[in-house]
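Everything on this sheet refers to the single structure shown next.
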Amino acid sequence: MSTALPTYADVDAAAHRLQGHAHRTPVLRSSTIDALLGAQLFFKCENFQRMGAFKFRGAFNALSRLTADERRRGVLAFSSGNHAQAVALSARILGMPSVIVMPQDAPAAKLAATRGYGAEVITYDRFTEDRMALSARIAGERGMTLIPPYDHAHVLAGQGTAAKELIEDTGPLDALFVCLGGGGLLSGCALATRALSPDCRIYGVEPEAGNDGQQSLAAGHIVRIDTPRTIADGAQTQFLGDITFGIIRRDVTGIVTASDAQLVESMRFYAERMKMVVEPTGCLSLAGARHGGIDLRGQRVGVIVSGGNVDMARLAQLLAAG
Ligand SMILES: *Cc1c(COP(=O)(O)O)cnc(C)c1O
């Protein structure tokens with residue numbers, strides 16, 4: 001891999017493209033958690049971002065970089081989660097056609113939401129069809145551009161604007177905790193943090209059941225695992241990307257893990273104390289700050305709350321059981 005990694009200049013350029021399109025989400029505090037940890041925590045609330053997660057930032061940035069010809073032919077993504085909705089909404093705003101390839105048995109609410117954002121949804125059978133091959137075929141036939149969920153310079157540069165805004169609002173931080181799946185959010189936030197608060201320690205937090213990122217850092221190369229069983233459905237990735245890993249191994253201090261029970265504890269904290277809905281994957285960062293074994297006493301700590309898309313029945317079920 002000799003391609004140059006994206007830099008802070010790409011994050012800064014993304015911030016300009018997002019202006020007037022993405023929300024500048026609030027940074028919230030909680031005296032309860034500050035007292036509990038003996039630290040000052042700053043929550044960057046991407047659960048309040050458009051379509052309910054930071055993924056709008058990366059998708060909109062990537063789509064806005066396409067040429068006039070590429071825009072006319074449109075974009076394609078395969079995902080059943082937040083990336084699909086982010087691509088669909090961004091395409092609608094930018095006036096492009098979009099196709100989202102989703103499993104036939106995806107929750108009806110998700111299929112409806114994606115169609116609601118104006119995308120054409122093409123379904124496939126998870127057990128007999130290969131979504132990569134199907135997506136490549138449709139993209140080829142229609143001349144559409146495939147937008148990957150994390151391993152893409154413009155996608156991760158867009159995600160990094162979350163940390164850029166956070167540090168602009170709070171000033172320098174001592175530590176930052178970021179939810180980790182394929183590493184688009186973590187690598188983009190690392191670029192912003194290294195530029196704006198160079199001494200800040202940066203931690204990725206991934207599910208205990210799927211610690212491929214932690215294993216990859218230890219091994220010095222990308223480690224692939226089976227799809228982990230965890231309630232953090234946005235972090236069920238099996239491996240980091242080449243670009244995201246390149247940045248993470250250079251700029252990130254460490255990766256810690258959180259158990260499902262710790263995610264539920266954080267979810268309850270957000271609901272009870274901060275009156276907000278955070279999806280299980282979005283709870284990783286706080287769970288890592290609380291339980292990752294890192295001494296934060298007396299420090300200024302950023303926590304990226306990555307998203308809030310969880311249906312209420314599921315939220316109630318998790319809180320009742322936890
Ligand atoms: C996608 C997603 C993540 C993980 O982001 P990566 O860029 O894949 O590491 C975390 N939280 C939420 C809510 C997500 O949708």
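Scheme for the structure tokens: letters A, B, ... for chains in order shown; per-chain residue numbers from 1; ligand numbers from 1 in order shown.
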* To do: Enumerate as number ranges by chain the residues within 6 Å of ligand 1, counting only C-alpha atoms and all ligand atoms.
  => A: 53, 82, 150, 179-185, 234-235, 281-282, 306-307
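Every protein or nucleic acid residue with an atom no more than 7 Å from stretch 17-28 of chain A, counting only C-alpha atoms and leaving out same-chain residues fewer than 6 positions away, appears here: Phe42, Phe43, Lys44, Cys45, Glu46, Phe48, Gln49, Arg50, Arg57, Asn61 and Leu166 of chain A.
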* To do: as a ChimeraX atom specification, list the residues of stretch 67-259 of chain A assigned to alpha helix (DSSP H) by DSSP on the backbone atoms of this structure.
  => /A:68-73,82-94,108-116,131-142,153-159,161-170,184-196,212-219,242-251
* Could you tell me, as number ranges by chain, which residues of stretch 163-213 of chain A DSSP assigns to strand (DSSP E or B) when given the backbone? => A: 175-179, 201-207
* To do: Name the closest residue to A:Ala175 among the candidates A:Thr257, A:Ser30, A:Gln299, A:Thr7; distances are taken between atoms, counting only C-alpha atoms.
  => A:Gln299
* Tell me which protein, DNA and RNA residues are within 6 Å of A:Gly308, counting only C-alpha atoms, leaving out same-chain ones fewer than 2 positions away, and put them as a VMD selection string. => chain A and resid 47 52 277 to 279
Sort by chain and increasing residue number a table of all residues of stretch 176-230 of chain A within 10 Å of stretch 246-253 of chain A, each with its closest pair of atoms and their distance in Å to one decimal, counting only C-alpha atoms, and write it as a Markdown table.
| residue | atom | partner | partner_atom | distance |
| --- | --- | --- | --- | --- |
| A:Leu176 | CA | A:Thr253 | CA | 9.8 |
| A:Gly183 | CA | A:Ile248 | CA | 7.7 |
| A:Gly184 | CA | A:Ile248 | CA | 9.6 |
| A:Leu186 | CA | A:Ile248 | CA | 7.3 |
| A:Ser187 | CA | A:Ile248 | CA | 5.6 |
| A:Gly188 | CA | A:Ile247 | CA | 8.4 |
| A:Cys189 | CA | A:Val252 | CA | 9.7 |
| A:Ala190 | CA | A:Asp251 | CA | 6.2 |
| A:Leu191 | CA | A:Asp251 | CA | 7.6 |
| A:Thr193 | CA | A:Asp251 | CA | 9.1 |
| A:Arg194 | CA | A:Asp251 | CA | 7.3 |
| A:Pro198 | CA | A:Asp251 | CA | 9.9 |
| A:Cys200 | CA | A:Thr253 | CA | 9.0 |
| A:Arg201 | CA | A:Thr253 | CA | 5.7 |
| A:Ile202 | CA | A:Thr253 | CA | 5.1 |
| A:Tyr203 | CA | A:Thr253 | CA | 5.8 |
| A:Gly204 | CA | A:Val252 | CA | 7.6 |
| A:Gly213 | CA | A:Ile248 | CA | 9.2 |
| A:Ser216 | CA | A:Arg249 | CA | 8.8 |
| A:Leu217 | CA | A:Arg249 | CA | 6.3 |
| A:Ala218 | CA | A:Arg249 | CA | 9.5 |
| A:Gly220 | CA | A:Arg249 | CA | 7.8 |
| A:His221 | CA | A:Arg249 | CA | 9.1 |
| A:Ile222 | CA | A:Gly246 | CA | 9.7 |
Atoms to include: N, CA, C and O atoms. Write the selected residues as a tab-separated table (two decimals), in the first residue's frame.
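Ended up saving to selection.tsv:
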chain	number	residue	atom	x	y	z
A	176	LEU	N	-9.53	11.13	24.45
A	176	LEU	CA	-10.74	11.06	23.62
A	176	LEU	C	-11.11	9.60	23.43
A	176	LEU	O	-10.24	8.77	23.13
A	183	GLY	N	-13.45	1.57	11.63
A	183	GLY	CA	-12.40	2.55	11.90
A	183	GLY	C	-12.50	3.86	11.14
A	183	GLY	O	-11.58	4.69	11.24
A	184	GLY	N	-13.60	4.10	10.43
A	184	GLY	CA	-13.74	5.39	9.74
A	184	GLY	C	-13.84	6.54	10.73
A	184	GLY	O	-13.17	7.57	10.58
A	186	LEU	N	-12.95	6.53	13.99
A	186	LEU	CA	-11.73	6.64	14.81
A	186	LEU	C	-10.58	7.26	14.02
A	186	LEU	O	-9.88	8.15	14.51
A	187	SER	N	-10.37	6.82	12.79
A	187	SER	CA	-9.23	7.35	12.03
A	187	SER	C	-9.44	8.82	11.68
A	187	SER	O	-8.51	9.64	11.79
A	188	GLY	N	-10.66	9.19	11.29
A	188	GLY	CA	-10.94	10.59	10.98
A	188	GLY	C	-10.79	11.47	12.21
A	188	GLY	O	-10.18	12.55	12.16
A	189	CYS	N	-11.30	11.00	13.34
A	189	CYS	CA	-11.19	11.77	14.59
A	189	CYS	C	-9.72	11.87	15.03
A	189	CYS	O	-9.31	12.87	15.62
A	190	ALA	N	-8.94	10.83	14.73
A	190	ALA	CA	-7.52	10.86	15.09
A	190	ALA	C	-6.80	11.94	14.28
A	190	ALA	O	-5.97	12.68	14.82
A	191	LEU	N	-7.12	12.07	13.00
A	191	LEU	CA	-6.49	13.12	12.18
A	191	LEU	C	-6.80	14.50	12.76
A	191	LEU	O	-5.92	15.35	12.88
A	193	THR	N	-7.75	15.25	15.85
A	193	THR	CA	-7.22	15.42	17.20
A	193	THR	C	-5.72	15.65	17.18
A	193	THR	O	-5.21	16.50	17.92
A	194	ARG	N	-5.00	14.91	16.35
A	194	ARG	CA	-3.54	15.11	16.27
A	194	ARG	C	-3.20	16.53	15.82
A	194	ARG	O	-2.18	17.09	16.20
A	198	PRO	N	-2.69	18.04	20.02
A	198	PRO	CA	-1.68	17.01	19.70
A	198	PRO	C	-1.33	16.07	20.86
A	198	PRO	O	-0.97	14.92	20.62
A	200	CYS	N	-3.34	14.92	23.15
A	200	CYS	CA	-4.51	14.13	23.60
A	200	CYS	C	-4.27	12.64	23.32
A	200	CYS	O	-3.85	12.27	22.22
A	201	ARG	N	-4.55	11.81	24.32
A	201	ARG	CA	-4.52	10.36	24.07
A	201	ARG	C	-5.82	9.96	23.40
A	201	ARG	O	-6.89	10.46	23.76
A	202	ILE	N	-5.75	9.07	22.43
A	202	ILE	CA	-6.92	8.71	21.64
A	202	ILE	C	-7.16	7.20	21.78
A	202	ILE	O	-6.26	6.40	21.52
A	203	TYR	N	-8.39	6.84	22.20
A	203	TYR	CA	-8.72	5.43	22.39
A	203	TYR	C	-9.92	5.04	21.54
A	203	TYR	O	-10.95	5.73	21.53
A	204	GLY	N	-9.79	3.93	20.83
A	204	GLY	CA	-10.94	3.31	20.17
A	204	GLY	C	-11.57	2.34	21.15
A	204	GLY	O	-10.88	1.74	21.97
A	213	GLY	N	-9.78	-5.04	16.26
A	213	GLY	CA	-8.93	-3.84	16.22
A	213	GLY	C	-7.79	-3.95	17.21
A	213	GLY	O	-6.62	-3.68	16.89
A	216	SER	N	-5.38	-6.41	15.97
A	216	SER	CA	-4.62	-5.89	14.82
A	216	SER	C	-3.49	-4.98	15.28
A	216	SER	O	-2.38	-5.05	14.75
A	217	LEU	N	-3.78	-4.12	16.27
A	217	LEU	CA	-2.73	-3.23	16.78
A	217	LEU	C	-1.59	-4.05	17.37
A	217	LEU	O	-0.42	-3.76	17.17
A	218	ALA	N	-1.96	-5.09	18.13
A	218	ALA	CA	-0.94	-5.93	18.77
A	218	ALA	C	-0.12	-6.69	17.73
A	218	ALA	O	1.10	-6.82	17.86
A	220	GLY	N	0.28	-5.86	14.51
A	220	GLY	CA	0.95	-5.02	13.51
A	220	GLY	C	0.42	-5.24	12.11
A	220	GLY	O	0.96	-4.72	11.14
A	221	HIS	N	-0.64	-6.01	11.98
A	221	HIS	CA	-1.31	-6.16	10.68
A	221	HIS	C	-2.79	-6.39	10.93
A	221	HIS	O	-3.19	-6.69	12.07
A	222	ILE	N	-3.61	-6.27	9.87
A	222	ILE	CA	-5.06	-6.38	10.04
A	222	ILE	C	-5.46	-7.83	10.32
A	222	ILE	O	-5.14	-8.73	9.54
* What is the atom CA of A:Phe127-atom CA of A:Ala84 distance in Å, reported with one decimal? ->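 Taking atom CA of A:Phe127 and atom CA of A:Ala84, their separation equals 20.4 Å.
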* Identify which of the residues A:Leu156, A:Ala209, A:Ala271, A:Ala35 lies closest to A:Thr227, counting only C-alpha atoms when measuring atom-to-atom distances. =>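 The answer is A:Ala209, which sits nearest to A:Thr227.
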* To do: Between A:Asp125, A:Asp260, A:Asp174, A:Glu272, single out the one closest to A:Ile294, counting only C-alpha atoms.
  =>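 Going through A:Asp125, A:Asp260, A:Asp174, A:Glu272 one by one, the smallest distance to A:Ile294 is for A:Asp174.
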* **Non-local contacts of A:Ala59 (8 Å; only C-alpha atoms; under 6 positions in same chain excluded) as a VMD selection string** => chain A and resid 83 86 to 87 90 147 155 158
Those residues with N, CA and C atoms, as a compact mmCIF listing (two decimals), in the first residue's frame please?
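In the end it all went to out.txt:
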# COMPACT_ATOMS: atom_id res chain seq x y z
N HIS A 83 -25.02 3.63 7.58
CA HIS A 83 -24.35 4.08 6.35
C HIS A 83 -25.35 4.14 5.19
N ALA A 86 -27.41 7.17 5.52
CA ALA A 86 -26.59 8.36 5.29
C ALA A 86 -26.37 8.60 3.79
N VAL A 87 -26.11 7.52 3.06
CA VAL A 87 -25.90 7.65 1.61
C VAL A 87 -27.22 8.05 0.94
N SER A 90 -27.96 11.76 1.77
CA SER A 90 -27.01 12.65 1.10
C SER A 90 -27.30 12.73 -0.40
N ILE A 147 -20.06 3.45 -2.68
CA ILE A 147 -19.54 4.23 -1.55
C ILE A 147 -19.35 3.28 -0.36
N VAL A 155 -14.77 9.51 3.02
CA VAL A 155 -15.71 9.09 4.08
C VAL A 155 -15.08 9.35 5.45
N GLY A 158 -14.75 13.02 6.40
CA GLY A 158 -16.03 13.57 6.86
C GLY A 158 -16.30 13.21 8.31
